[in-house]
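This is entry.pdb. It holds PDB, C-alpha atoms.
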```pdb
ATOM      1  CA  MET A1213      -4.770  35.436  59.158
ATOM      2  CA  PRO A1214      -1.937  37.846  59.956
ATOM      3  CA  SER A1215      -2.588  41.248  58.429
ATOM      4  CA  ALA A1216      -0.524  42.284  55.444
ATOM      5  CA  THR A1217       1.843  45.239  55.524
ATOM      6  CA  PRO A1218       1.131  48.324  53.388
ATOM      7  CA  LYS A1219       3.971  47.212  51.103
ATOM      8  CA  GLN A1220       2.437  43.763  50.667
ATOM      9  CA  LEU A1221      -0.991  45.268  49.969
ATOM     10  CA  ALA A1222       0.572  47.504  47.302
ATOM     11  CA  GLN A1223       2.337  44.497  45.744
ATOM     12  CA  ARG A1224      -0.916  42.517  45.661
ATOM     13  CA  LYS A1225      -2.746  45.473  44.111
ATOM     14  CA  ALA A1226      -0.082  45.927  41.437
ATOM     15  CA  PHE A1227      -0.226  42.220  40.618
ATOM     16  CA  GLY A1228      -4.017  42.274  40.413
ATOM     17  CA  ALA A1229      -4.042  45.351  38.193
ATOM     18  CA  ARG A1230      -1.668  43.568  35.829
ATOM     19  CA  VAL A1231      -3.925  40.493  35.743
ATOM     20  CA  ARG A1232      -6.882  42.684  34.856
ATOM     21  CA  GLN A1233      -4.860  44.511  32.186
ATOM     22  CA  LEU A1234      -3.767  41.279  30.500
ATOM     23  CA  ARG A1235      -7.250  39.774  30.823
ATOM     24  CA  LEU A1236      -8.783  42.779  29.046
ATOM     25  CA  ALA A1237      -6.024  42.723  26.421
ATOM     26  CA  ALA A1238      -6.982  39.088  25.782
ATOM     27  CA  GLY A1239     -10.635  40.134  25.423
ATOM     28  CA  LEU A1240     -11.773  37.928  28.301
ATOM     29  CA  SER A1241     -14.400  38.506  30.972
ATOM     30  CA  GLN A1242     -13.562  37.591  34.585
ATOM     31  CA  GLU A1243     -15.838  34.610  34.154
ATOM     32  CA  GLU A1244     -14.052  33.451  31.004
ATOM     33  CA  LEU A1245     -10.658  33.874  32.643
ATOM     34  CA  ALA A1246     -11.826  31.965  35.702
ATOM     35  CA  HIS A1247     -13.162  29.165  33.532
ATOM     36  CA  ARG A1248      -9.932  28.887  31.552
ATOM     37  CA  ALA A1249      -7.826  28.969  34.707
ATOM     38  CA  GLU A1250     -10.111  26.535  36.530
ATOM     39  CA  LEU A1251     -10.536  29.050  39.320
ATOM     40  CA  ASP A1252     -13.601  30.569  40.937
ATOM     41  CA  ARG A1253     -14.857  33.803  39.349
ATOM     42  CA  SER A1254     -15.122  35.515  42.740
ATOM     43  CA  TYR A1255     -11.542  34.462  43.513
ATOM     44  CA  VAL A1256     -10.345  36.033  40.238
ATOM     45  CA  GLY A1257     -12.180  39.254  41.162
ATOM     46  CA  GLN A1258     -10.467  39.281  44.556
ATOM     47  CA  VAL A1259      -7.063  38.739  42.948
ATOM     48  CA  GLU A1260      -7.668  41.606  40.513
ATOM     49  CA  ARG A1261      -8.594  43.896  43.416
ATOM     50  CA  GLY A1262      -5.425  42.915  45.284
ATOM     51  CA  GLU A1263      -7.351  41.179  48.033
ATOM     52  CA  ARG A1264      -5.572  37.844  47.767
ATOM     53  CA  ASN A1265      -2.083  36.598  48.536
ATOM     54  CA  ILE A1266      -2.108  34.390  45.441
ATOM     55  CA  SER A1267       0.059  31.274  45.304
ATOM     56  CA  LEU A1268       2.564  30.159  42.686
ATOM     57  CA  ASP A1269       0.240  27.489  41.254
ATOM     58  CA  ASN A1270      -2.525  30.037  40.701
ATOM     59  CA  ILE A1271      -0.121  32.615  39.274
ATOM     60  CA  TYR A1272       0.735  30.006  36.630
ATOM     61  CA  ARG A1273      -2.941  29.163  36.059
ATOM     62  CA  LEU A1274      -3.748  32.809  35.351
ATOM     63  CA  ALA A1275      -0.671  33.310  33.186
ATOM     64  CA  ASP A1276      -1.522  30.220  31.131
ATOM     65  CA  ALA A1277      -5.130  31.386  30.797
ATOM     66  CA  VAL A1278      -4.077  34.695  29.216
ATOM     67  CA  GLN A1279      -1.322  32.922  27.281
ATOM     68  CA  CYS A1280       1.548  34.803  28.820
ATOM     69  CA  SER A1281       4.478  34.118  31.120
ATOM     70  CA  PRO A1282       4.087  34.548  34.898
ATOM     71  CA  VAL A1283       6.804  37.151  34.474
ATOM     72  CA  ASP A1284       4.336  39.319  32.558
ATOM     73  CA  LEU A1285       2.056  39.434  35.601
ATOM     74  CA  PHE A1286       4.650  41.376  37.566
ATOM     75  CA  VAL A1287       4.973  45.080  36.917
ATOM     76  CA  ARG A1288       8.534  45.974  36.031
TER      77      ARG A1288
ATOM     78  CA  MET B 989      -4.394  19.614  50.786
ATOM     79  CA  PRO B 990      -5.219  18.738  47.183
ATOM     80  CA  SER B 991      -2.279  17.119  45.467
ATOM     81  CA  ALA B 992      -0.391  19.111  42.890
ATOM     82  CA  THR B 993      -0.264  18.094  39.240
ATOM     83  CA  PRO B 994       3.048  17.021  37.668
ATOM     84  CA  LYS B 995       3.098  20.370  35.852
ATOM     85  CA  GLN B 996       2.655  22.290  39.105
ATOM     86  CA  LEU B 997       5.373  20.249  40.789
ATOM     87  CA  ALA B 998       7.734  21.048  37.899
ATOM     88  CA  GLN B 999       6.874  24.763  38.165
ATOM     89  CA  ARG B1000       7.548  24.738  41.909
ATOM     90  CA  LYS B1001      10.851  22.928  41.364
ATOM     91  CA  ALA B1002      11.947  25.393  38.686
ATOM     92  CA  PHE B1003      11.069  28.305  40.958
ATOM     93  CA  GLY B1004      12.949  26.782  43.876
ATOM     94  CA  ALA B1005      16.012  26.067  41.761
ATOM     95  CA  ARG B1006      16.054  29.712  40.706
ATOM     96  CA  VAL B1007      15.812  30.849  44.339
ATOM     97  CA  ARG B1008      18.783  28.656  45.206
ATOM     98  CA  GLN B1009      20.748  29.922  42.214
ATOM     99  CA  LEU B1010      20.190  33.584  43.123
ATOM    100  CA  ARG B1011      20.847  32.900  46.817
ATOM    101  CA  LEU B1012      24.217  31.320  45.984
ATOM    102  CA  ALA B1013      25.006  34.144  43.551
ATOM    103  CA  ALA B1014      24.392  36.543  46.435
ATOM    104  CA  GLY B1015      26.743  34.504  48.630
ATOM    105  CA  LEU B1016      24.080  33.722  51.198
ATOM    106  CA  SER B1017      23.401  30.592  53.225
ATOM    107  CA  GLN B1018      19.821  29.366  53.532
ATOM    108  CA  GLU B1019      19.901  30.642  57.088
ATOM    109  CA  GLU B1020      21.050  34.099  56.028
ATOM    110  CA  LEU B1021      18.429  34.268  53.299
ATOM    111  CA  ALA B1022      15.740  33.181  55.732
ATOM    112  CA  HIS B1023      16.831  35.807  58.229
ATOM    113  CA  ARG B1024      16.835  38.588  55.638
ATOM    114  CA  ALA B1025      13.438  37.506  54.296
ATOM    115  CA  GLU B1026      11.997  37.027  57.794
ATOM    116  CA  LEU B1027      11.068  33.468  56.914
ATOM    117  CA  ASP B1028      11.832  30.160  58.581
ATOM    118  CA  ARG B1029      15.019  28.429  57.419
ATOM    119  CA  SER B1030      13.209  25.118  56.976
ATOM    120  CA  TYR B1031      10.550  26.877  54.896
ATOM    121  CA  VAL B1032      13.258  28.342  52.627
ATOM    122  CA  GLY B1033      14.733  24.842  52.220
ATOM    123  CA  GLN B1034      11.326  23.489  51.248
ATOM    124  CA  VAL B1035      10.829  26.286  48.715
ATOM    125  CA  GLU B1036      14.246  25.590  47.167
ATOM    126  CA  ARG B1037      13.356  21.906  46.828
ATOM    127  CA  GLY B1038      10.046  22.781  45.161
ATOM    128  CA  GLU B1039       8.019  21.435  48.051
ATOM    129  CA  ARG B1040       5.983  24.592  48.662
ATOM    130  CA  ASN B1041       3.292  26.438  46.761
ATOM    131  CA  ILE B1042       4.779  29.779  47.760
ATOM    132  CA  SER B1043       2.582  32.875  47.945
ATOM    133  CA  LEU B1044       3.031  36.291  46.353
ATOM    134  CA  ASP B1045       4.060  37.958  49.630
ATOM    135  CA  ASN B1046       6.820  35.417  50.205
ATOM    136  CA  ILE B1047       7.960  35.582  46.569
ATOM    137  CA  TYR B1048       8.550  39.303  47.182
ATOM    138  CA  ARG B1049      10.278  38.628  50.519
ATOM    139  CA  LEU B1050      12.757  36.284  48.844
ATOM    140  CA  ALA B1051      13.285  38.585  45.866
ATOM    141  CA  ASP B1052      13.958  41.537  48.168
ATOM    142  CA  ALA B1053      16.330  39.421  50.252
ATOM    143  CA  VAL B1054      18.516  38.616  47.235
ATOM    144  CA  GLN B1055      18.034  42.170  45.925
ATOM    145  CA  CYS B1056      16.350  41.181  42.713
ATOM    146  CA  SER B1057      12.931  41.499  41.102
ATOM    147  CA  PRO B1058      10.330  38.744  41.580
ATOM    148  CA  VAL B1059      10.563  38.424  37.819
ATOM    149  CA  ASP B1060      14.101  37.095  38.215
ATOM    150  CA  LEU B1061      12.794  34.179  40.286
ATOM    151  CA  PHE B1062      10.917  32.786  37.302
ATOM    152  CA  VAL B1063      12.874  30.851  34.734
ATOM    153  CA  ARG B1064      12.396  32.324  31.288
TER     154      ARG B1064
END
```

Translate the structure described by the file into structure tokens.
Amino acid sequence: MPSATPKQLAQRKAFGARVRQLRLAAGLSQEELAHRAELDRSYVGQVERGERNISLDNIYRLADAVQCSPVDLFVR
Amino acid sequence: MPSATPKQLAQRKAFGARVRQLRLAAGLSQEELAHRAELDRSYVGQVERGERNISLDNIYRLADAVQCSPVDLFVR
């Protein structure tokens, strides 16, 4: 796996922080979010910590699970 | 590779169509966009046709290359 640049790591962290924020706003645990999104709980934890280069399909899964638009998962 | 659902394929197509739209609005060829984004031209073509489950890092690369926010690459 090629290593990510500092900019990419910051982008992943910002995305993950937004996922966590919207998950908490929805009153969901990581496990509940993972279940709704049909993703692994440990994967969701990694995404929230900015440790994953998440794909489009999974961005939509998470957005759907917190009933928001993918757009809302990007900090503006 | 697990096959994508019809919904995922539609999401990828919508994303790709938006990339193409913003690329053309910026007056760039696929080759120019690929060069700016440091991606392969054939990969950019596949993304535009909705054939790729693009990752967060590459979403940002394309957004930066057309000087927009990743948010603008999602149809609202």

Next on the checklist: as a PyMOL selection string, could you give me every residue of chain B near chain A (at most 12 Å apart, counting all atoms listed in the file)?
Outcome noted: chain B and resi 990-1004+1035+1038-1049+1052+1056-1064

Please evaluate the PyMOL selection byres ((chain B and resi 1007-1010) around 8) against the structure above and give the resulting residues as JSON, numbers by chain. {"B": [1003, 1004, 1005, 1006, 1011, 1012, 1013, 1014, 1036, 1050, 1054, 1061]}

**Report entry** Length of the CA of Leu1021 (chain B) to CA of Ala1053 (chain B) vector [Å]
**Finding:**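 Between CA of Leu1021 (chain B) and CA of Ala1053 (chain B) the gap is 6.3 Å.
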
Least-squares fit on all C-alpha atoms, paired in order: put chain B onto chain A and return it as a CSV table (one decimal) with C-alpha atoms, keeping the file's coordinate frame.
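Written file, result.csv:
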```
chain,number,residue,atom,x,y,z
B,989,MET,CA,-4.7,35.4,59.2
B,990,PRO,CA,-1.9,37.8,59.9
B,991,SER,CA,-2.6,41.2,58.4
B,992,ALA,CA,-0.5,42.3,55.4
B,993,THR,CA,1.8,45.2,55.5
B,994,PRO,CA,1.1,48.3,53.4
B,995,LYS,CA,4.0,47.2,51.1
B,996,GLN,CA,2.4,43.8,50.7
B,997,LEU,CA,-1.0,45.3,50.0
B,998,ALA,CA,0.6,47.5,47.3
B,999,GLN,CA,2.3,44.5,45.7
B,1000,ARG,CA,-0.9,42.5,45.7
B,1001,LYS,CA,-2.7,45.5,44.1
B,1002,ALA,CA,-0.1,45.9,41.4
B,1003,PHE,CA,-0.2,42.2,40.6
B,1004,GLY,CA,-4.0,42.3,40.4
B,1005,ALA,CA,-4.0,45.3,38.2
B,1006,ARG,CA,-1.7,43.6,35.8
B,1007,VAL,CA,-3.9,40.5,35.7
B,1008,ARG,CA,-6.9,42.7,34.8
B,1009,GLN,CA,-4.9,44.5,32.2
B,1010,LEU,CA,-3.8,41.3,30.5
B,1011,ARG,CA,-7.2,39.8,30.8
B,1012,LEU,CA,-8.8,42.8,29.0
B,1013,ALA,CA,-6.0,42.7,26.4
B,1014,ALA,CA,-7.0,39.1,25.8
B,1015,GLY,CA,-10.6,40.1,25.4
B,1016,LEU,CA,-11.8,37.9,28.3
B,1017,SER,CA,-14.4,38.5,31.0
B,1018,GLN,CA,-13.6,37.6,34.6
B,1019,GLU,CA,-15.8,34.6,34.1
B,1020,GLU,CA,-14.0,33.4,31.0
B,1021,LEU,CA,-10.7,33.9,32.6
B,1022,ALA,CA,-11.8,32.0,35.7
B,1023,HIS,CA,-13.2,29.2,33.5
B,1024,ARG,CA,-9.9,28.9,31.5
B,1025,ALA,CA,-7.8,29.0,34.7
B,1026,GLU,CA,-10.1,26.5,36.5
B,1027,LEU,CA,-10.5,29.1,39.3
B,1028,ASP,CA,-13.6,30.6,40.9
B,1029,ARG,CA,-14.9,33.8,39.4
B,1030,SER,CA,-15.1,35.5,42.7
B,1031,TYR,CA,-11.5,34.5,43.5
B,1032,VAL,CA,-10.3,36.0,40.2
B,1033,GLY,CA,-12.2,39.2,41.2
B,1034,GLN,CA,-10.5,39.3,44.5
B,1035,VAL,CA,-7.1,38.7,42.9
B,1036,GLU,CA,-7.7,41.6,40.5
B,1037,ARG,CA,-8.6,43.9,43.4
B,1038,GLY,CA,-5.4,42.9,45.3
B,1039,GLU,CA,-7.4,41.2,48.0
B,1040,ARG,CA,-5.6,37.8,47.8
B,1041,ASN,CA,-2.1,36.6,48.5
B,1042,ILE,CA,-2.1,34.4,45.4
B,1043,SER,CA,0.1,31.3,45.3
B,1044,LEU,CA,2.6,30.2,42.7
B,1045,ASP,CA,0.2,27.5,41.2
B,1046,ASN,CA,-2.5,30.0,40.7
B,1047,ILE,CA,-0.1,32.6,39.3
B,1048,TYR,CA,0.7,30.0,36.6
B,1049,ARG,CA,-3.0,29.2,36.1
B,1050,LEU,CA,-3.8,32.8,35.4
B,1051,ALA,CA,-0.7,33.3,33.2
B,1052,ASP,CA,-1.5,30.2,31.1
B,1053,ALA,CA,-5.1,31.4,30.8
B,1054,VAL,CA,-4.1,34.7,29.2
B,1055,GLN,CA,-1.3,32.9,27.3
B,1056,CYS,CA,1.5,34.8,28.8
B,1057,SER,CA,4.5,34.1,31.1
B,1058,PRO,CA,4.1,34.6,34.9
B,1059,VAL,CA,6.8,37.2,34.5
B,1060,ASP,CA,4.3,39.3,32.6
B,1061,LEU,CA,2.0,39.4,35.6
B,1062,PHE,CA,4.6,41.4,37.6
B,1063,VAL,CA,4.9,45.1,36.9
B,1064,ARG,CA,8.5,46.0,36.0
```

Mind giving me the axis-aligned box for region 1237-1254 of chain A with 3 Å on every side, centre plus edges in Å to one decimal, as JSON?
```
{"center_x": -10.9, "center_y": 34.6, "center_z": 34.1, "size_x": 15.8, "size_y": 22.2, "size_z": 23.3}
```

| said: Counting all atoms listed in the file, which residue out of B:Glu1019, B:Ala1025, B:Arg1037, B:Tyr1031 sits closest to Ala1051 (chain B)? | reply: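 Ranking B:Glu1019, B:Ala1025, B:Arg1037, B:Tyr1031 by distance to Ala1051 (chain B), first place goes to B:Ala1025.
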
Report task. Skip Arg1029 (chain B) itself and residues of its chain fewer than 5 positions away, then list as a list in words all residues within 9 Å of it, counting all atoms listed in the file. Result -> Gln1018, Glu1019, Glu1020, Leu1021, Ala1022, His1023 and Gln1034 of chain B

May I ask for the distance between CA of Gln1279 (chain A) and CA of Glu1250 (chain A), given in Å to one decimal place?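 About the pair CA of Gln1279 (chain A) and CA of Glu1250 (chain A): they are 14.3 Å apart.
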